[in-house]
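Asks: This one is upload_35.tsv, TSV, C-alpha atoms and all ligand atoms.
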```tsv
chain	number	residue	atom	x	y	z
A	1	MET	CA	-5.71	-23.67	3.01
A	2	THR	CA	-3.78	-23.53	-0.22
A	3	SER	CA	-4.13	-21.13	-3.07
A	4	PRO	CA	-6.72	-22.73	-5.39
A	5	SER	CA	-4.53	-21.98	-8.40
A	6	ASP	CA	-1.18	-20.49	-9.14
A	7	ARG	CA	-2.61	-17.02	-8.57
A	8	PRO	CA	-0.63	-14.97	-6.00
A	9	THR	CA	-2.44	-14.61	-2.68
A	10	ALA	CA	-3.61	-11.24	-1.38
A	11	VAL	CA	-4.99	-10.81	2.14
A	12	VAL	CA	-7.46	-7.97	2.67
A	13	THR	CA	-8.55	-7.08	6.21
A	14	GLY	CA	-11.87	-5.39	6.89
A	15	ALA	CA	-13.03	-6.99	3.65
A	16	SER	CA	-16.74	-7.35	4.43
A	17	SER	CA	-17.70	-3.87	3.17
A	18	GLY	CA	-16.50	-0.53	1.87
A	19	ILE	CA	-12.89	-0.09	0.76
A	20	GLY	CA	-12.00	-3.64	1.84
A	21	ALA	CA	-14.74	-5.30	-0.21
A	22	ALA	CA	-14.04	-3.12	-3.25
A	23	THR	CA	-10.32	-3.87	-2.96
A	24	ALA	CA	-10.95	-7.61	-2.74
A	25	ARG	CA	-13.02	-7.44	-5.94
A	26	ALA	CA	-10.49	-5.26	-7.75
A	27	LEU	CA	-7.53	-7.43	-6.76
A	28	ALA	CA	-9.36	-10.55	-7.94
A	29	GLY	CA	-9.90	-8.76	-11.25
A	30	ALA	CA	-6.15	-8.13	-11.39
A	31	GLY	CA	-5.42	-11.85	-11.00
A	32	PHE	CA	-5.00	-12.37	-7.25
A	33	HIS	CA	-6.48	-15.13	-5.12
A	34	VAL	CA	-7.97	-12.98	-2.38
A	35	VAL	CA	-8.34	-14.07	1.23
A	36	LEU	CA	-11.01	-11.85	2.78
A	37	GLY	CA	-10.83	-11.32	6.52
A	38	ALA	CA	-13.43	-9.60	8.73
A	39	ARG	CA	-15.64	-10.22	11.75
A	40	ARG	CA	-18.70	-10.43	9.45
A	41	VAL	CA	-17.44	-13.59	7.74
A	42	ASP	CA	-20.82	-14.34	6.13
A	43	ARG	CA	-20.51	-11.14	4.08
A	44	CYS	CA	-16.93	-12.06	3.20
A	45	ALA	CA	-18.09	-15.51	2.11
A	46	GLU	CA	-20.59	-13.97	-0.32
A	47	ILE	CA	-17.89	-11.83	-1.93
A	48	ALA	CA	-15.46	-14.76	-1.91
A	49	ARG	CA	-17.95	-16.86	-3.87
A	50	GLU	CA	-18.33	-14.06	-6.41
A	51	ILE	CA	-14.57	-13.63	-6.97
A	52	ASP	CA	-13.36	-17.21	-6.41
A	53	GLY	CA	-11.61	-16.16	-3.22
A	54	THR	CA	-11.55	-17.41	0.35
A	55	ALA	CA	-13.24	-16.01	3.46
A	56	VAL	CA	-11.72	-16.44	6.91
A	57	ARG	CA	-13.09	-14.89	10.11
A	58	LEU	CA	-10.82	-12.17	11.45
A	59	ASP	CA	-11.03	-9.70	14.33
A	60	VAL	CA	-7.79	-7.72	14.26
A	61	THR	CA	-8.44	-6.49	17.82
A	62	ASP	CA	-8.15	-10.08	19.08
A	63	PRO	CA	-4.64	-11.66	19.07
A	64	GLU	CA	-6.07	-15.19	19.03
A	65	SER	CA	-8.26	-14.42	16.04
A	66	VAL	CA	-5.25	-13.02	14.17
A	67	SER	CA	-3.18	-16.12	15.02
A	68	ALA	CA	-5.92	-18.45	13.75
A	69	PHE	CA	-6.26	-16.37	10.58
A	70	VAL	CA	-2.52	-16.38	9.92
A	71	ALA	CA	-2.37	-20.15	10.43
A	72	ALA	CA	-4.97	-20.48	7.64
A	73	VAL	CA	-2.88	-18.44	5.18
A	74	PRO	CA	0.38	-20.26	4.43
A	75	GLU	CA	1.20	-18.15	1.37
A	76	CYS	CA	0.89	-14.40	1.02
A	77	ARG	CA	2.21	-12.01	-1.62
A	78	LEU	CA	0.16	-8.94	-0.69
A	79	LEU	CA	-1.27	-7.77	2.62
A	80	VAL	CA	-3.78	-4.92	2.56
A	81	ASN	CA	-4.20	-3.50	6.07
A	82	ASN	CA	-7.62	-1.96	5.67
A	83	ALA	CA	-9.40	-2.87	8.94
A	84	GLY	CA	-9.87	0.03	11.33
A	85	GLY	CA	-12.05	3.03	11.78
A	86	ALA	CA	-13.17	5.88	13.99
A	87	LYS	CA	-15.47	6.06	16.98
A	88	GLY	CA	-16.73	9.45	18.02
A	89	LEU	CA	-15.94	13.04	17.10
A	90	GLU	CA	-15.51	15.12	20.19
A	91	PRO	CA	-13.01	17.52	21.77
A	92	VAL	CA	-10.10	16.09	23.73
A	93	ALA	CA	-11.73	17.56	26.85
A	94	ASP	CA	-14.67	15.18	26.36
A	95	ALA	CA	-12.74	12.17	25.04
A	96	ASP	CA	-14.18	8.73	25.68
A	97	GLU	CA	-11.39	6.40	26.80
A	98	ASP	CA	-13.15	3.26	25.57
A	99	ALA	CA	-13.51	4.75	22.09
A	100	TRP	CA	-9.83	5.76	22.07
A	101	ARG	CA	-8.83	2.26	23.23
A	102	TRP	CA	-10.85	0.66	20.43
A	103	MET	CA	-9.35	2.99	17.81
A	104	TRP	CA	-5.85	2.11	19.02
A	105	GLU	CA	-6.65	-1.61	18.99
A	106	ALA	CA	-8.29	-1.63	15.56
A	107	ASN	CA	-6.00	0.72	13.66
A	108	VAL	CA	-2.61	0.38	15.34
A	109	LEU	CA	-2.35	-2.95	17.14
A	110	GLY	CA	-4.50	-4.62	14.48
A	111	THR	CA	-2.02	-3.57	11.81
A	112	LEU	CA	0.89	-4.59	14.02
A	113	ARG	CA	-0.58	-8.07	14.57
A	114	MET	CA	-1.26	-8.62	10.87
A	115	VAL	CA	2.22	-7.48	9.86
A	116	LYS	CA	3.95	-9.63	12.48
A	117	GLY	CA	1.83	-12.62	11.56
A	118	LEU	CA	2.20	-12.46	7.79
A	119	LEU	CA	5.70	-11.00	7.40
A	120	PRO	CA	7.41	-14.43	7.20
A	121	ALA	CA	5.09	-15.45	4.34
A	122	LEU	CA	5.50	-12.08	2.59
A	123	VAL	CA	9.30	-12.42	2.71
A	124	ALA	CA	9.15	-16.08	1.66
A	125	SER	CA	7.07	-15.14	-1.38
A	126	GLY	CA	10.14	-13.38	-2.79
A	127	ASP	CA	8.00	-10.42	-3.90
A	128	GLY	CA	5.91	-9.28	-0.93
A	129	HIS	CA	3.93	-6.07	-0.60
A	130	ILE	CA	2.25	-4.42	2.38
A	131	VAL	CA	-0.41	-1.82	1.59
A	132	THR	CA	-1.74	0.08	4.61
A	133	VAL	CA	-4.87	2.18	4.27
A	134	THR	CA	-4.29	5.08	6.63
A	135	SER	CA	-6.12	8.39	6.03
A	136	ILE	CA	-5.54	12.08	5.64
A	137	ALA	CA	-6.01	11.81	9.42
A	138	ALA	CA	-2.50	10.31	9.40
A	139	LEU	CA	-1.15	13.51	7.84
A	140	GLU	CA	-2.88	16.33	9.72
A	141	PRO	CA	-4.78	16.96	12.95
A	142	TYR	CA	-8.38	18.15	12.94
A	143	ASP	CA	-10.67	19.49	15.64
A	144	ASN	CA	-12.58	16.82	17.59
A	145	GLY	CA	-10.64	14.04	15.87
A	146	ALA	CA	-7.64	13.44	18.14
A	147	GLY	CA	-8.59	9.87	19.03
A	148	TYR	CA	-8.67	8.93	15.35
A	149	THR	CA	-5.88	11.19	14.05
A	150	GLY	CA	-3.65	9.96	16.89
A	151	ALA	CA	-4.32	6.32	16.03
A	152	LYS	CA	-3.88	6.94	12.28
A	153	HIS	CA	-0.60	8.79	12.85
A	154	ALA	CA	0.63	5.84	14.95
A	155	GLN	CA	-0.50	3.31	12.33
A	156	ALA	CA	1.29	5.32	9.64
A	157	MET	CA	4.48	5.46	11.72
A	158	LEU	CA	4.41	1.69	12.16
A	159	HIS	CA	3.99	1.28	8.40
A	160	ARG	CA	6.63	3.89	7.43
A	161	THR	CA	9.15	2.45	9.90
A	162	LEU	CA	8.96	-0.87	8.07
A	163	ARG	CA	10.18	0.85	4.89
A	164	GLY	CA	13.60	1.20	6.54
A	165	GLU	CA	13.58	-1.96	8.63
A	166	LEU	CA	12.78	-4.15	5.63
A	167	LEU	CA	15.41	-2.68	3.31
A	168	GLY	CA	17.17	-5.60	1.63
A	169	GLN	CA	14.08	-7.80	1.97
A	170	PRO	CA	11.76	-8.47	-1.00
A	171	VAL	CA	8.84	-6.51	0.45
A	172	ARG	CA	7.35	-3.25	-0.85
A	173	LEU	CA	5.41	-0.80	1.31
A	174	THR	CA	2.61	1.46	0.12
A	175	GLU	CA	0.52	3.80	2.23
A	176	ILE	CA	-2.87	4.86	0.88
A	177	ALA	CA	-4.25	7.98	2.60
A	178	PRO	CA	-7.84	8.79	1.58
A	179	GLY	CA	-9.90	11.79	2.55
A	180	MET	CA	-13.70	11.60	2.37
A	181	VAL	CA	-14.88	8.22	1.10
A	182	GLU	CA	-18.57	7.37	1.38
A	183	THR	CA	-18.67	3.98	3.11
A	184	GLU	CA	-19.91	2.77	6.50
A	185	PHE	CA	-17.03	4.80	8.01
A	186	SER	CA	-19.16	7.72	9.24
A	187	LEU	CA	-22.04	5.47	10.27
A	188	VAL	CA	-19.65	3.59	12.55
A	189	ARG	CA	-18.07	6.84	13.79
A	190	PHE	CA	-21.50	8.17	14.77
A	191	ALA	CA	-22.76	4.85	16.23
A	192	GLY	CA	-25.37	4.31	13.52
A	193	ASP	CA	-26.73	7.88	13.34
A	194	ALA	CA	-27.49	8.06	9.58
A	195	GLU	CA	-28.33	11.77	9.61
A	196	LYS	CA	-24.97	12.71	11.11
A	197	ALA	CA	-23.20	10.32	8.74
A	198	ASP	CA	-24.96	11.72	5.65
A	199	ASN	CA	-24.09	15.24	6.73
A	200	VAL	CA	-20.37	14.48	6.37
A	201	TYR	CA	-20.82	14.10	2.59
A	202	ARG	CA	-23.52	16.78	2.17
A	203	GLY	CA	-23.21	19.01	-0.92
A	204	LEU	CA	-20.18	17.34	-2.47
A	205	THR	CA	-19.22	14.22	-4.36
A	206	PRO	CA	-17.11	12.05	-2.05
A	207	LEU	CA	-14.74	9.34	-3.20
A	208	THR	CA	-16.17	5.87	-3.58
A	209	ALA	CA	-14.68	2.68	-2.18
A	210	GLU	CA	-13.94	1.72	-5.80
A	211	ASP	CA	-11.88	4.90	-6.32
A	212	VAL	CA	-9.62	3.84	-3.47
A	213	ALA	CA	-9.52	0.20	-4.58
A	214	GLU	CA	-8.28	1.26	-8.02
A	215	THR	CA	-5.32	3.11	-6.52
A	216	ILE	CA	-4.45	0.06	-4.43
A	217	VAL	CA	-4.49	-2.14	-7.52
A	218	PHE	CA	-2.33	0.41	-9.36
A	219	ALA	CA	0.30	0.28	-6.60
A	220	ALA	CA	0.12	-3.50	-6.38
A	221	THR	CA	0.58	-4.08	-10.09
A	222	ARG	CA	3.72	-1.96	-10.65
A	223	PRO	CA	6.90	-3.90	-11.45
A	224	SER	CA	8.60	-5.35	-8.35
A	225	HIS	CA	11.37	-2.74	-8.26
A	226	VAL	CA	8.85	0.15	-8.13
A	227	ASN	CA	7.70	1.15	-4.64
A	228	ILE	CA	4.80	3.58	-4.56
A	229	ASP	CA	5.44	5.04	-1.08
A	230	LEU	CA	2.31	7.13	-0.51
A	231	ILE	CA	-0.86	8.01	-2.37
A	232	VAL	CA	-3.08	10.75	-0.93
A	233	LEU	CA	-6.51	10.95	-2.55
A	234	LYS	CA	-9.35	13.31	-1.79
A	235	PRO	CA	-12.51	14.45	-3.54
A	236	ARG	CA	-11.96	17.46	-5.79
A	237	ALA	CA	-14.15	19.42	-3.38
A	238	GLN	CA	-11.96	18.66	-0.35
A	239	ALA	CA	-8.78	20.64	0.39
A	240	SER	CA	-8.07	19.25	3.86
A	241	ALA	CA	-9.77	17.39	6.68
A	242	MET	CA	-11.43	20.62	7.83
A	243	ARG	CA	-11.96	22.44	4.54
A	244	ALA	CA	-14.35	21.40	1.77
A	245	TYR	CA	-16.56	23.18	-0.76
A	246	ARG	CA	-20.23	22.24	-0.52
A	247	GLU	CA	-23.06	23.16	-2.91
A	248	GLU	CA	-26.01	24.39	-0.86
B	1	LIG	C1	-11.33	9.28	6.95
B	1	LIG	C2	-11.05	10.68	6.56
B	1	LIG	O1	-11.08	13.15	7.23
B	1	LIG	O2	-12.80	11.73	8.21
B	1	LIG	O3	-10.21	8.57	7.28
B	1	LIG	O4	-10.53	11.57	8.96
B	1	LIG	S1	-11.36	11.80	7.82
```
If you took the structure in this file and wrote it as structure tokens, what would it be?

Replies:
Amino acid sequence: MTSPSDRPTAVVTGASSGIGAATARALAGAGFHVVLGARRVDRCAEIAREIDGTAVRLDVTDPESVSAFVAAVPECRLLVNNAGGAKGLEPVADADEDAWRWMWEANVLGTLRMVKGLLPALVASGDGHIVTVTSIAALEPYDNGAGYTGAKHAQAMLHRTLRGELLGQPVRLTEIAPGMVETEFSLVRFAGDAEKADNVYRGLTPLTAEDVAETIVFAATRPSHVNIDLIVLKPRAQASAMRAYREE
């Protein structure tokens, strides 16, 4: 695959919905050729048609899928590590090992695989940029969330380590750490239980996927010498992972 024009190429993982889909649209609006990767490639293809981008199937938990994806993307200026998520919300004493394993695979090893695969192209671009969507769960612990906060802390450490290791290389590194964003995130966390998912955002106005996408575009469109290290964004009604104000 080659870039269909002289637009710089941006890769967005987890691009079939939520923050990933909104970011793909926003980056296209900012002049990027966006390669959308996700397991649900049919949804990516619909968005790709809309924004003149490209859809490629991607499961970041599968090394072979990542290799095939990377082989289809010879040029890359911007990588947005957005794929990931949470499964479950229970005390450590009741932790489900399979859920923890998936969270590690999707958030940590998925990011590792994408970075390793696309780093040569990002360096070769002469002006590369890695944006990793972590979470406020990468900044603080919260009750019942150790599987997810542990994975997000590890993902953030991977990302932040690159900031030192890549010094002298033409690659910027931005971490985006959102709090409550109303997407499929909670539906996935609660295995499709819509009532539990809705309850997370009850009585307050959460961030939208577009709110997060706009911050990513802001970071990605600064001049090349400007590295936005970390953006933390939360709804006005949220002070921390465990403390929010809700209208009854
Ligand atoms: C999502 C935010 O607070 O549910 O990453 O962990 S939180």

Asks: Report as a tab-separated table the residues of chain A within 9 Å of ligand LIG 1 (chain B), each with its shortest atom pair and distance in Å (one decimal), using all atoms listed in the file, ordered by chain and increasing residue number.

Replies:
```
residue	atom	partner	partner_atom	distance
A:Gly85	CA	B:LIG1	O3	7.4
A:Ala86	CA	B:LIG1	O3	7.8
A:Val133	CA	B:LIG1	O3	8.9
A:Thr134	CA	B:LIG1	O3	6.9
A:Ser135	CA	B:LIG1	O3	4.3
A:Ile136	CA	B:LIG1	C2	5.8
A:Ala137	CA	B:LIG1	O4	4.5
A:Ala138	CA	B:LIG1	O4	8.1
A:Pro141	CA	B:LIG1	O4	8.8
A:Tyr142	CA	B:LIG1	O4	8.0
A:Gly145	CA	B:LIG1	O4	7.3
A:Tyr148	CA	B:LIG1	O4	7.2
A:Thr149	CA	B:LIG1	O4	6.9
A:Lys152	CA	B:LIG1	O3	8.2
A:Ala177	CA	B:LIG1	O3	7.6
A:Pro178	CA	B:LIG1	O3	6.2
A:Gly179	CA	B:LIG1	C2	4.3
A:Met180	CA	B:LIG1	C2	5.0
A:Val181	CA	B:LIG1	C1	6.9
A:Phe185	CA	B:LIG1	C1	7.3
A:Ser186	CA	B:LIG1	O2	7.6
A:Val200	CA	B:LIG1	O2	8.3
A:Lys234	CA	B:LIG1	C2	8.9
A:Ser240	CA	B:LIG1	O1	7.6
A:Ala241	CA	B:LIG1	O1	4.5
A:Met242	CA	B:LIG1	O1	7.5
```

Asks: Could you work out how far CA of Ser16 (chain A) lies from CA of Val41 (chain A), giving the answer in Å with one decimal?

Replies: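 So the two atoms, CA of Val41 (chain A) and CA of Ser16 (chain A), lie 7.1 Å apart.
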
Asks: Within 12 Å of Ala156 (chain A), counting only C-alpha atoms, which residues qualify if same-chain residues fewer than 5 places away don't, as an NGL selection string?

Replies: :A and (81 or 107-109 or 111-112 or 131-140 or 149-151 or 161-163 or 173-177 or 229-230)

Asks: May I ask for the distance between CA of Ala22 (chain A) and CA of Ala213 (chain A), given in Å to one decimal place?

Replies: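 Going from CA of Ala22 (chain A) over to CA of Ala213 (chain A) covers 5.8 Å.
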
Asks: May I ask for the distance between CA of Leu118 (chain A) and CA of Val12 (chain A), given in Å to one decimal place?

Replies: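 That distance, rounded to one decimal, is 11.8 Å.
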
Asks: I'd like to know which of A:Val73, A:Ala38, A:Ala83, A:Ala220 is closest to Ala26 (chain A), using only C-alpha atoms.

Replies: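 Ranking A:Val73, A:Ala38, A:Ala83, A:Ala220 by distance to Ala26 (chain A), first place goes to A:Ala220.
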
Asks: List the neighbours of Trp100 (chain A) out to 8 Å using only C-alpha atoms; skip same-chain residues closer than 5 positions along the sequence, and give me the result as a PyMOL selection string.

Replies: chain A and resi 87+95+147-148
